[in-house]
>>> print(open('work.txt').read())   # compact mmCIF, C-alpha atoms and all ligand atoms
# COMPACT_ATOMS: atom_id res chain seq x y z
CA MET B 1 200.85 72.18 -64.51
CA THR B 2 203.68 71.00 -66.79
CA ARG B 3 207.23 72.41 -66.62
CA TYR B 4 208.76 72.71 -70.07
CA VAL B 5 212.51 73.22 -70.24
CA ILE B 6 213.87 74.49 -73.55
CA VAL B 7 217.59 74.44 -74.29
CA GLY B 8 218.71 77.15 -76.72
CA GLY B 9 217.92 80.84 -76.97
CA GLY B 10 218.01 81.09 -80.75
CA ILE B 11 214.88 81.75 -82.75
CA LEU B 12 213.60 78.16 -82.44
CA GLY B 13 213.91 77.91 -78.66
CA LEU B 14 212.28 81.31 -78.19
CA ALA B 15 209.52 80.58 -80.71
CA VAL B 16 208.70 77.27 -78.97
CA ALA B 17 208.59 79.07 -75.61
CA HIS B 18 206.31 81.75 -77.08
CA ARG B 19 203.97 79.15 -78.57
CA LEU B 20 203.79 77.35 -75.20
CA ARG B 21 203.00 80.57 -73.30
CA THR B 22 200.28 81.33 -75.84
CA ASP B 23 198.70 77.85 -76.06
CA ARG B 24 199.29 76.61 -72.51
CA PRO B 25 199.38 79.68 -70.26
CA ARG B 26 198.89 77.62 -67.07
CA ASP B 27 202.15 75.72 -67.65
CA ARG B 28 205.68 76.80 -66.77
CA VAL B 29 208.32 77.54 -69.38
CA THR B 30 212.07 77.87 -68.81
CA VAL B 31 214.58 78.75 -71.54
CA LEU B 32 218.27 77.98 -70.92
CA GLU B 33 220.89 79.73 -73.02
CA LYS B 34 224.64 79.43 -72.50
CA GLU B 35 225.53 82.84 -73.95
CA SER B 36 225.03 86.30 -72.45
CA GLY B 37 222.39 87.29 -75.03
CA TRP B 38 219.73 85.88 -77.33
CA ALA B 39 220.33 84.81 -80.94
CA THR B 40 224.11 84.94 -80.77
CA HIS B 41 224.74 81.99 -83.10
CA GLN B 42 222.93 80.95 -86.31
CA THR B 43 219.97 83.24 -85.69
CA GLY B 44 222.17 86.30 -85.30
CA HIS B 45 224.50 85.51 -88.20
CA ASN B 46 222.38 84.92 -91.26
CA SER B 47 221.09 86.58 -94.43
CA GLY B 48 217.89 87.84 -92.84
CA VAL B 49 215.75 86.53 -95.67
CA ILE B 50 212.13 85.53 -95.15
CA HIS B 51 212.13 82.70 -97.66
CA ALA B 52 209.00 82.06 -99.70
CA GLY B 53 209.55 78.27 -99.99
CA VAL B 54 210.58 77.82 -103.63
CA TYR B 55 213.34 75.24 -103.34
CA TYR B 56 211.92 72.55 -101.10
CA LYS B 57 210.45 69.18 -102.01
CA PRO B 58 206.63 69.52 -102.13
CA GLY B 59 205.06 67.98 -99.03
CA SER B 60 208.32 68.14 -97.01
CA LEU B 61 208.41 69.88 -93.64
CA LYS B 62 210.61 72.57 -95.20
CA ALA B 63 208.07 73.26 -97.95
CA THR B 64 204.99 73.35 -95.73
CA LEU B 65 206.46 75.04 -92.67
CA CYS B 66 208.38 77.62 -94.71
CA ARG B 67 205.36 78.74 -96.69
CA ALA B 68 203.18 79.01 -93.58
CA GLY B 69 206.13 80.34 -91.56
CA SER B 70 206.89 83.22 -93.88
CA ALA B 71 203.28 84.41 -93.49
CA SER B 72 203.48 84.03 -89.68
CA MET B 73 206.81 85.89 -89.59
CA VAL B 74 205.40 88.79 -91.61
CA ARG B 75 202.27 88.87 -89.40
CA PHE B 76 204.36 88.89 -86.20
CA CYS B 77 206.57 91.73 -87.46
CA ALA B 78 203.55 93.76 -88.54
CA GLU B 79 201.80 93.26 -85.18
CA GLN B 80 204.95 94.04 -83.21
CA GLU B 81 205.94 96.96 -85.44
CA LEU B 82 209.33 95.39 -86.25
CA PRO B 83 210.91 96.45 -89.56
CA TYR B 84 210.47 94.01 -92.45
CA ASP B 85 210.03 94.34 -96.21
CA VAL B 86 208.42 91.88 -98.62
CA CYS B 87 210.61 93.07 -101.48
CA GLY B 88 210.58 89.92 -103.64
CA LYS B 89 213.61 88.27 -105.18
CA LEU B 90 215.08 87.32 -108.50
CA ILE B 91 216.67 83.91 -109.17
CA VAL B 92 218.95 84.51 -112.11
CA ALA B 93 220.06 82.11 -114.86
CA ALA B 94 223.34 83.70 -115.92
CA GLU B 95 223.84 81.36 -118.89
CA VAL B 96 221.76 79.19 -121.21
CA ALA B 97 223.05 75.98 -119.61
CA GLU B 98 221.22 76.96 -116.39
CA LEU B 99 217.81 77.25 -118.04
CA PRO B 100 216.68 73.63 -117.45
CA ARG B 101 217.41 74.03 -113.72
CA LEU B 102 215.60 77.38 -113.65
CA HIS B 103 212.56 75.79 -115.29
CA ALA B 104 212.67 72.88 -112.83
CA LEU B 105 212.72 75.44 -110.01
CA HIS B 106 209.73 77.19 -111.57
CA GLU B 107 207.79 73.90 -111.61
CA ARG B 108 208.72 73.23 -108.00
CA ALA B 109 207.62 76.70 -106.92
CA VAL B 110 204.28 76.21 -108.65
CA ALA B 111 203.92 72.77 -107.00
CA ASN B 112 204.54 74.50 -103.67
CA GLY B 113 201.69 76.91 -104.43
CA LEU B 114 203.82 80.03 -104.75
CA PRO B 115 203.12 82.99 -107.00
CA VAL B 116 206.22 83.09 -109.24
CA THR B 117 206.85 84.51 -112.71
CA LEU B 118 209.38 83.47 -115.34
CA LEU B 119 211.00 86.55 -116.88
CA ASN B 120 213.09 87.07 -119.99
CA ALA B 121 216.28 89.19 -119.87
CA ILE B 122 214.48 92.49 -120.54
CA GLU B 123 211.79 91.82 -117.92
CA ALA B 124 214.45 90.79 -115.38
CA ALA B 125 216.28 94.09 -115.98
CA GLU B 126 213.08 95.99 -115.12
CA HIS B 127 213.39 94.58 -111.58
CA GLU B 128 217.19 94.64 -111.29
CA PRO B 129 218.72 96.93 -113.94
CA HIS B 130 222.32 95.79 -113.33
CA VAL B 131 221.73 92.04 -113.46
CA ALA B 132 223.07 89.81 -116.25
CA ALA B 133 220.28 87.32 -116.85
CA VAL B 134 219.43 85.01 -119.72
CA ALA B 135 216.17 84.49 -117.85
CA ALA B 136 215.02 84.80 -114.24
CA LEU B 137 212.39 83.65 -111.80
CA ARG B 138 210.68 86.40 -109.83
CA VAL B 139 209.43 85.36 -106.39
CA ALA B 140 207.17 88.12 -105.10
CA SER B 141 206.61 86.83 -101.55
CA THR B 142 210.27 86.75 -100.40
CA GLY B 143 211.12 89.34 -97.76
CA ILE B 144 213.81 90.62 -95.41
CA VAL B 145 213.92 91.07 -91.64
CA ASP B 146 216.35 91.14 -88.72
CA PHE B 147 215.86 87.75 -87.02
CA GLY B 148 217.93 88.98 -84.05
CA ALA B 149 215.41 91.78 -83.49
CA VAL B 150 212.57 89.24 -83.70
CA CYS B 151 214.29 87.24 -80.94
CA ARG B 152 214.80 90.23 -78.71
CA ARG B 153 211.09 91.02 -78.99
CA LEU B 154 210.17 87.40 -78.29
CA ALA B 155 212.34 87.50 -75.16
CA GLU B 156 210.54 90.68 -74.00
CA LEU B 157 207.13 89.10 -74.58
CA LEU B 158 208.20 85.94 -72.78
CA ALA B 159 209.53 87.88 -69.79
CA GLU B 160 206.24 89.84 -69.61
CA SER B 161 204.22 86.62 -69.73
CA GLY B 162 206.12 85.07 -66.81
CA ALA B 163 208.45 82.66 -68.62
CA GLU B 164 211.76 81.99 -66.89
CA LEU B 165 214.61 83.13 -69.14
CA ARG B 166 218.10 82.14 -68.06
CA LEU B 167 221.16 83.42 -69.88
CA HIS B 168 224.72 82.30 -68.91
CA THR B 169 223.32 78.80 -68.34
CA ARG B 170 225.10 76.03 -70.21
CA VAL B 171 223.58 72.56 -70.08
CA THR B 172 226.35 70.06 -69.31
CA GLY B 173 224.46 66.89 -68.47
CA ILE B 174 220.98 65.40 -68.62
CA HIS B 175 219.60 62.51 -66.61
CA GLY B 176 216.22 61.23 -65.53
CA ARG B 177 214.65 61.25 -62.09
CA ALA B 178 211.27 59.57 -61.60
CA GLY B 179 210.85 59.61 -65.37
CA ARG B 180 211.39 63.40 -65.59
CA PRO B 181 214.37 65.19 -67.20
CA VAL B 182 216.92 66.75 -64.85
CA LEU B 183 219.52 69.06 -66.39
CA ASN B 184 222.92 69.81 -64.92
CA THR B 185 223.90 73.32 -65.90
CA SER B 186 226.70 75.79 -65.25
CA ALA B 187 224.21 77.57 -62.95
CA GLY B 188 222.88 74.58 -60.99
CA GLU B 189 220.34 71.83 -61.52
CA VAL B 190 217.12 72.44 -63.47
CA THR B 191 214.24 69.98 -63.33
CA GLY B 192 211.34 69.81 -65.72
CA ASP B 193 208.61 67.53 -67.01
CA VAL B 194 209.38 67.87 -70.70
CA LEU B 195 212.64 68.77 -72.47
CA VAL B 196 212.85 70.55 -75.83
CA ASN B 197 216.31 70.63 -77.37
CA CYS B 198 216.83 73.60 -79.72
CA ALA B 199 220.60 73.78 -79.24
CA GLY B 200 221.42 74.39 -82.92
CA LEU B 201 225.09 73.63 -83.57
CA HIS B 202 225.19 71.43 -80.44
CA ALA B 203 221.80 69.74 -80.79
CA ASP B 204 223.17 66.24 -81.53
CA ARG B 205 225.42 66.42 -78.45
CA LEU B 206 222.51 67.46 -76.27
CA ALA B 207 220.46 64.55 -77.64
CA ARG B 208 223.25 62.13 -76.74
CA LEU B 209 223.47 63.63 -73.24
CA ALA B 210 219.74 62.90 -72.93
CA GLY B 211 220.25 59.28 -73.96
CA VAL B 212 218.99 59.63 -77.54
CA ASP B 213 221.15 58.30 -80.37
CA PRO B 214 220.82 60.89 -83.16
CA PRO B 215 220.39 59.44 -86.67
CA ALA B 216 222.73 62.11 -88.07
CA ARG B 217 225.52 64.30 -86.75
CA ILE B 218 225.83 68.07 -86.93
CA VAL B 219 228.60 69.21 -89.27
CA PRO B 220 229.37 72.95 -89.13
CA PHE B 221 229.52 74.76 -92.47
CA ARG B 222 230.72 78.34 -92.25
CA GLY B 223 229.14 80.89 -94.55
CA GLU B 224 231.27 84.01 -95.07
CA TYR B 225 229.89 87.36 -96.12
CA TYR B 226 231.17 90.47 -97.80
CA GLU B 227 229.23 93.67 -98.12
CA LEU B 228 229.13 96.20 -100.91
CA VAL B 229 230.85 99.51 -100.23
CA PRO B 230 228.18 102.21 -99.75
CA GLU B 231 228.66 103.87 -103.16
CA ARG B 232 227.99 100.54 -104.99
CA ARG B 233 224.81 99.55 -103.08
CA LYS B 234 222.78 101.15 -105.86
CA LEU B 235 223.68 98.17 -108.08
CA VAL B 236 221.26 95.98 -106.10
CA ARG B 237 217.63 96.86 -105.45
CA GLY B 238 216.50 93.73 -103.60
CA LEU B 239 217.61 90.11 -103.53
CA ILE B 240 219.55 88.50 -106.39
CA TYR B 241 220.20 84.74 -106.23
CA PRO B 242 221.90 82.31 -108.62
CA VAL B 243 220.23 79.08 -109.72
CA PRO B 244 221.38 76.67 -106.98
CA ASP B 245 222.99 73.29 -107.46
CA PRO B 246 220.17 70.90 -106.48
CA GLN B 247 222.68 68.46 -104.92
CA PHE B 248 223.26 70.85 -102.02
CA PRO B 249 220.99 72.56 -99.52
CA PHE B 250 223.05 75.77 -99.87
CA LEU B 251 221.64 78.39 -102.19
CA GLY B 252 224.88 79.76 -103.66
CA VAL B 253 226.51 83.13 -103.06
CA HIS B 254 223.81 85.79 -103.47
CA LEU B 255 223.27 89.52 -103.07
CA THR B 256 220.92 90.56 -100.28
CA ARG B 257 219.70 94.02 -99.42
CA MET B 258 219.44 93.88 -95.62
CA ILE B 259 216.74 95.58 -93.59
CA ASP B 260 219.27 98.25 -92.47
CA GLY B 261 219.97 99.20 -96.12
CA THR B 262 223.39 97.55 -96.44
CA VAL B 263 223.90 94.99 -99.22
CA HIS B 264 225.46 91.67 -98.22
CA ALA B 265 227.11 89.21 -100.57
CA GLY B 266 227.37 85.54 -99.62
CA PRO B 267 227.36 83.18 -97.87
CA ASN B 268 229.74 80.58 -99.25
CA ALA B 269 229.91 77.14 -97.55
CA VAL B 270 233.20 75.87 -96.11
CA LEU B 271 233.70 73.17 -93.51
CA ALA B 272 234.39 74.93 -90.21
CA THR B 273 237.18 73.85 -87.85
CA ALA B 274 234.92 74.49 -84.84
CA ARG B 275 231.17 74.30 -84.32
CA GLU B 276 231.30 77.99 -83.49
CA GLY B 277 234.12 78.63 -85.95
CA TYR B 278 233.40 82.05 -87.42
CA SER B 279 236.83 82.33 -89.09
CA TRP B 280 239.70 80.12 -90.28
CA ARG B 281 241.60 81.09 -87.10
CA ARG B 282 239.04 79.44 -84.81
CA PHE B 283 240.02 75.80 -84.22
CA ASP B 284 238.41 73.56 -81.60
CA PRO B 285 240.35 70.30 -81.07
CA ARG B 286 237.32 68.43 -79.70
CA ASP B 287 235.11 69.46 -82.62
CA VAL B 288 237.76 68.60 -85.19
CA TRP B 289 238.56 65.28 -83.51
CA GLU B 290 234.89 64.30 -83.57
CA GLN B 291 234.54 65.33 -87.21
CA VAL B 292 237.63 63.45 -88.30
CA GLY B 293 236.34 60.33 -86.54
CA TYR B 294 232.93 60.50 -88.21
CA SER B 295 232.46 58.16 -91.18
CA GLY B 296 229.71 60.43 -92.54
CA LEU B 297 232.14 63.29 -93.03
CA TRP B 298 234.59 61.12 -94.99
CA ALA B 299 231.78 59.78 -97.16
CA LEU B 300 230.60 63.37 -97.77
CA ALA B 301 234.16 64.48 -98.61
CA ARG B 302 234.64 61.61 -101.10
CA ARG B 303 231.40 62.51 -102.86
CA HIS B 304 231.82 66.26 -102.99
CA TYR B 305 235.54 67.02 -102.73
CA ARG B 306 235.52 69.14 -105.93
CA TYR B 307 232.73 71.35 -104.61
CA GLY B 308 234.58 71.59 -101.28
CA LEU B 309 237.83 72.67 -102.90
CA THR B 310 236.09 75.33 -104.98
CA GLU B 311 234.47 76.72 -101.84
CA VAL B 312 237.79 76.79 -99.95
CA THR B 313 239.51 78.59 -102.82
CA ARG B 314 236.73 81.15 -102.97
CA SER B 315 236.92 81.59 -99.21
CA LEU B 316 240.65 82.38 -99.43
CA SER B 317 240.43 84.64 -102.47
CA ARG B 318 238.42 87.86 -102.56
CA ARG B 319 238.97 87.98 -106.32
CA ARG B 320 237.18 84.64 -106.77
CA PHE B 321 234.39 85.70 -104.44
CA ALA B 322 233.91 88.86 -106.49
CA ALA B 323 233.95 86.80 -109.69
CA SER B 324 230.97 84.75 -108.39
CA LEU B 325 229.09 87.98 -107.76
CA ALA B 326 230.02 89.34 -111.19
CA ARG B 327 228.20 86.36 -112.76
CA LEU B 328 225.03 87.96 -111.35
CA VAL B 329 225.96 91.65 -111.58
CA PRO B 330 228.89 92.10 -114.04
CA GLU B 331 229.70 95.63 -112.85
CA LEU B 332 230.81 94.31 -109.43
CA THR B 333 234.56 94.00 -108.87
CA GLU B 334 236.91 93.04 -106.05
CA ALA B 335 237.23 96.71 -105.10
CA ASP B 336 233.49 96.93 -104.38
CA ILE B 337 233.37 94.45 -101.50
CA VAL B 338 234.63 94.39 -97.90
CA PRO B 339 234.47 91.46 -95.41
CA ALA B 340 231.28 91.40 -93.32
CA GLY B 341 231.52 88.51 -90.87
CA ALA B 342 230.25 84.96 -91.08
CA GLY B 343 227.67 82.53 -89.77
CA VAL B 344 227.97 78.79 -89.14
CA ARG B 345 225.21 76.46 -90.34
CA ALA B 346 224.30 73.40 -88.30
CA GLN B 347 223.84 70.87 -91.08
CA ALA B 348 223.05 67.27 -90.13
CA VAL B 349 224.99 64.63 -92.06
CA ARG B 350 224.00 60.95 -92.04
CA PRO B 351 226.61 58.20 -91.47
CA ASP B 352 226.51 57.43 -95.24
CA GLY B 353 227.57 61.02 -96.02
CA GLY B 354 224.13 62.18 -97.14
CA LEU B 355 223.13 65.70 -96.11
CA VAL B 356 219.81 65.60 -94.26
CA ASP B 357 217.59 67.59 -96.55
CA ASP B 358 214.49 68.19 -94.47
CA PHE B 359 214.03 69.51 -90.95
CA LEU B 360 214.68 66.62 -88.56
CA ILE B 361 212.76 66.54 -85.29
CA VAL B 362 213.12 63.45 -83.12
CA GLU B 363 210.70 62.64 -80.30
CA ALA B 364 211.52 60.48 -77.27
CA ASP B 365 209.85 59.98 -73.91
CA ARG B 366 209.20 63.51 -72.55
CA GLN B 367 211.79 64.90 -74.95
CA VAL B 368 211.86 66.52 -78.38
CA HIS B 369 215.15 67.14 -80.19
CA VAL B 370 215.50 69.46 -83.18
CA LEU B 371 218.39 67.79 -84.99
CA ASN B 372 218.38 69.53 -88.37
CA ALA B 373 217.09 73.07 -88.66
CA PRO B 374 219.19 74.94 -91.21
CA SER B 375 217.76 77.54 -93.58
CA PRO B 376 214.82 78.22 -93.93
CA ALA B 377 214.31 77.43 -90.23
CA ALA B 378 214.46 81.08 -89.12
CA THR B 379 211.70 81.92 -91.61
CA SER B 380 209.73 78.84 -90.53
CA SER B 381 210.37 79.25 -86.79
CA PHE B 382 206.80 80.07 -85.68
CA GLU B 383 205.42 77.10 -87.60
CA ILE B 384 208.20 74.73 -86.49
CA ALA B 385 207.28 75.82 -82.96
CA ARG B 386 203.60 75.04 -83.58
CA HIS B 387 204.56 71.65 -85.08
CA ILE B 388 206.64 70.84 -81.96
CA VAL B 389 204.21 72.14 -79.35
CA ASP B 390 201.31 70.19 -80.89
CA ARG B 391 203.31 67.04 -80.14
CA LEU B 392 204.42 67.86 -76.58
CA PRO B 393 202.80 65.95 -73.72
CA VAL B 394 200.71 67.79 -71.09
CA ASP B 395 200.43 66.64 -67.44
CA ARG B 396 196.93 67.35 -66.08
C1 LIG G 401 225.08 81.88 -92.91
C2 LIG G 401 223.65 81.55 -92.66
C3 LIG G 401 222.63 82.14 -93.42
C4 LIG G 401 221.30 81.83 -93.20
N1 LIG G 401 220.32 82.52 -93.85
C5 LIG G 401 219.02 82.29 -93.52
C6 LIG G 401 217.99 83.09 -94.08
O1 LIG G 401 218.25 84.03 -94.81
N2 LIG G 401 216.71 82.78 -93.79
C7 LIG G 401 216.39 81.74 -92.94
O2 LIG G 401 215.20 81.47 -92.74
N3 LIG G 401 217.35 81.01 -92.35
C8 LIG G 401 218.66 81.28 -92.60
N4 LIG G 401 219.63 80.57 -91.98
C9 LIG G 401 219.26 79.51 -91.06
C10 LIG G 401 218.83 80.06 -89.71
O3 LIG G 401 219.72 81.04 -89.24
C11 LIG G 401 218.75 78.89 -88.73
O4 LIG G 401 217.97 77.88 -89.30
C12 LIG G 401 218.11 79.29 -87.40
O5 LIG G 401 218.71 80.44 -86.91
C13 LIG G 401 218.23 78.14 -86.42
O6 LIG G 401 217.81 78.61 -85.16
P1 LIG G 401 218.11 77.79 -83.86
O7 LIG G 401 217.40 78.43 -82.75
O8 LIG G 401 217.85 76.34 -84.15
O9 LIG G 401 219.71 77.83 -83.69
P2 LIG G 401 220.68 78.93 -83.05
O10 LIG G 401 220.31 80.29 -83.44
O11 LIG G 401 222.07 78.48 -83.36
O12 LIG G 401 220.41 78.79 -81.50
C14 LIG G 401 220.84 77.68 -80.72
C15 LIG G 401 221.18 78.20 -79.35
O13 LIG G 401 221.44 77.11 -78.48
C16 LIG G 401 222.43 77.54 -77.56
N5 LIG G 401 223.07 76.35 -76.97
C17 LIG G 401 223.76 75.39 -77.63
N6 LIG G 401 224.20 74.47 -76.76
C18 LIG G 401 223.77 74.84 -75.52
C19 LIG G 401 223.93 74.29 -74.21
N7 LIG G 401 224.62 73.17 -73.99
N8 LIG G 401 223.34 74.94 -73.16
C20 LIG G 401 222.61 76.08 -73.37
N9 LIG G 401 222.47 76.65 -74.59
C21 LIG G 401 223.02 76.04 -75.65
C22 LIG G 401 223.40 78.34 -78.43
O14 LIG G 401 224.22 79.19 -77.68
C23 LIG G 401 222.44 79.06 -79.35
O15 LIG G 401 222.12 80.36 -78.88
C24 LIG G 401 220.97 80.87 -92.20
C25 LIG G 401 221.98 80.31 -91.40
C26 LIG G 401 223.30 80.66 -91.61
C27 LIG G 401 224.35 80.09 -90.70
>>> encode(input="work.txt", output="structure tokens")
Amino acid sequence: MTRYVIVGGGILGLAVAHRLRTDRPRDRVTVLEKESGWATHQTGHNSGVIHAGVYYKPGSLKATLCRAGSASMVRFCAEQELPYDVCGKLIVAAEVAELPRLHALHERAVANGLPVTLLNAIEAAEHEPHVAAVAALRVASTGIVDFGAVCRRLAELLAESGAELRLHTRVTGIHGRAGRPVLNTSAGEVTGDVLVNCAGLHADRLARLAGVDPPARIVPFRGEYYELVPERRKLVRGLIYPVPDPQFPFLGVHLTRMIDGTVHAGPNAVLATAREGYSWRRFDPRDVWEQVGYSGLWALARRHYRYGLTEVTRSLSRRRFAASLARLVPELTEADIVPAGAGVRAQAVRPDGGLVDDFLIVEADRQVHVLNAPSPAATSSFEIARHIVDRLPVDR
């Protein structure tokens, strides 16, 4: 029997635990989560989009695990009778200058094996009558779901199958005893045979506690949302995205019909002043001190300061936020949107300032650390879990 200890009760930690209970039912699984509930950070504060896998470099982990993961996510929701909708999405070129990037995206989607269609302005309007498009890419296999609800169901299934689920348990230290990981936590010592670190915004810190030097550091990027006032929701049928800037892993402020029928607008991407900094008011001296002392952040700032300033201005001005939305749907104005919370992305940044593009999973002796799992990791979670579990040692 092997004892697997998983740190983090977001969708990745729970999906890894679920995979282990399914594939290795004789082994023991413990999940440690510092909060009082599941999915309280990235997993519970996102756009709820089941991505198809359009944007990612063919052959990358993101491309392969997202495509397979979206199918697994849809299958899980169907089996578990959780609400989801494969409603498709439209990526909109709002002006002629964006057409080369839209065509490049089309080629990438085809290379990733996805069923996509290039549409002219009239065809785009058949899908989204209020959109202003020169042309658009229709991605039929994109869907929507509530990833928090997926996690709550996973936790129920895990509890039924005998996994040990421990909330209110913050990991504060990790050391080895007889070659096995021992975790100091706010609720006592936990010993295991194999450690899986799915700590999201804190994953690099956990790796360092376990004696692993992470090749990149987590930098928190807040994504703020507005939502459309109820009487304007009719302007959006499904999902409307801009053509993204290929230099960044962020997809640009978009319009998303959520599974509960509301329509969210966002997220932007501003540097957060705390790893769990859901607003400008939240400031964590330790987090900021570490960021300021990190060469990677300065290198990133030098390279992309213009982009950063634009994002900050848009974060501080509802008028500018609305203007970004009006590029997609011209009828939308400042009066049509109200603030709707924020999420913080755990984005790994290398010491040279490069944003880690792909998922980053680092293996060490009896340890696996998930060190970069931003979007589309929620979509891909069941397949990331399979990828990890296939590599975990078994003691027999
Ligand atoms: C604004 C935004 C929009 C997004 N939109 C999408 C989308 O539409 N589709 C998509 O596929 N993905 C999206 N993502 C990405 C997706 O949400 C994440 O990739 C995914 O949720 C990562 O899951 P996780 O389990 O790694 O992290 P998390 O959900 O952050 O979970 C990590 C957990 O570890 C716990 N933890 C940390 N440190 C400790 C410790 N020391 N001890 C115990 N517990 C600890 C935390 O409390 C947390 O619960 C979005 C993300 C954001 C922020």
>>> residues_around(input="work.txt", residues="Asp146 (chain B)", least_positions_apart="3", cutoff="10 Å", atoms="only C-alpha atoms", output="NGL selection string")
:B and (43-50 or 77 or 82-84 or 149-151 or 258-260)
>>> residues_near_ligand(input="work.txt", ligand="ligand LIG 401 (chain G)", cutoff="7 Å", atoms="all atoms listed in the file", output="PyMOL selection string")
chain B and resi 7-13+32-35+38-51+169-172+198-203+206+222-224+267+342-345+373-380
>>> closest_residue(input="work.txt", among="B:Gly296, B:Pro242, B:Pro351, B:Pro285", to="Glu98 (chain B)", atoms="only C-alpha atoms")
B:Pro242
>>> atom_distance(input="work.txt", atom1="CA of Pro214 (chain B)", atom2="CA of Glu290 (chain B)")
14.5 Å
>>> residues_around(input="work.txt", residues="region 301-307 of chain B", least_positions_apart="6", cutoff="12 Å", atoms="all atoms listed in the file", output="PDB file with C-alpha atoms, keeping the file's coordinate frame")
ATOM      1  CA  VAL B 219     228.600  69.210 -89.270  1.00  0.00           C
ATOM      2  CA  ASP B 245     222.990  73.290-107.460  1.00  0.00           C
ATOM      3  CA  GLN B 247     222.680  68.460-104.920  1.00  0.00           C
ATOM      4  CA  PHE B 248     223.260  70.850-102.020  1.00  0.00           C
ATOM      5  CA  PHE B 250     223.050  75.770 -99.870  1.00  0.00           C
ATOM      6  CA  GLY B 252     224.880  79.760-103.660  1.00  0.00           C
ATOM      7  CA  ASN B 268     229.740  80.580 -99.250  1.00  0.00           C
ATOM      8  CA  ALA B 269     229.910  77.140 -97.550  1.00  0.00           C
ATOM      9  CA  VAL B 270     233.200  75.870 -96.110  1.00  0.00           C
ATOM     10  CA  LEU B 271     233.700  73.170 -93.510  1.00  0.00           C
ATOM     11  CA  GLN B 291     234.540  65.330 -87.210  1.00  0.00           C
ATOM     12  CA  VAL B 292     237.630  63.450 -88.300  1.00  0.00           C
ATOM     13  CA  TYR B 294     232.930  60.500 -88.210  1.00  0.00           C
ATOM     14  CA  SER B 295     232.460  58.160 -91.180  1.00  0.00           C
ATOM     15  CA  THR B 313     239.510  78.590-102.820  1.00  0.00           C
ATOM     16  CA  ARG B 314     236.730  81.150-102.970  1.00  0.00           C
ATOM     17  CA  VAL B 349     224.990  64.630 -92.060  1.00  0.00           C
ATOM     18  CA  ASP B 352     226.510  57.430 -95.240  1.00  0.00           C
ATOM     19  CA  GLY B 353     227.570  61.020 -96.020  1.00  0.00           C
ATOM     20  CA  GLY B 354     224.130  62.180 -97.140  1.00  0.00           C
ATOM     21  CA  LEU B 355     223.130  65.700 -96.110  1.00  0.00           C
TER      22      LEU B 355
END
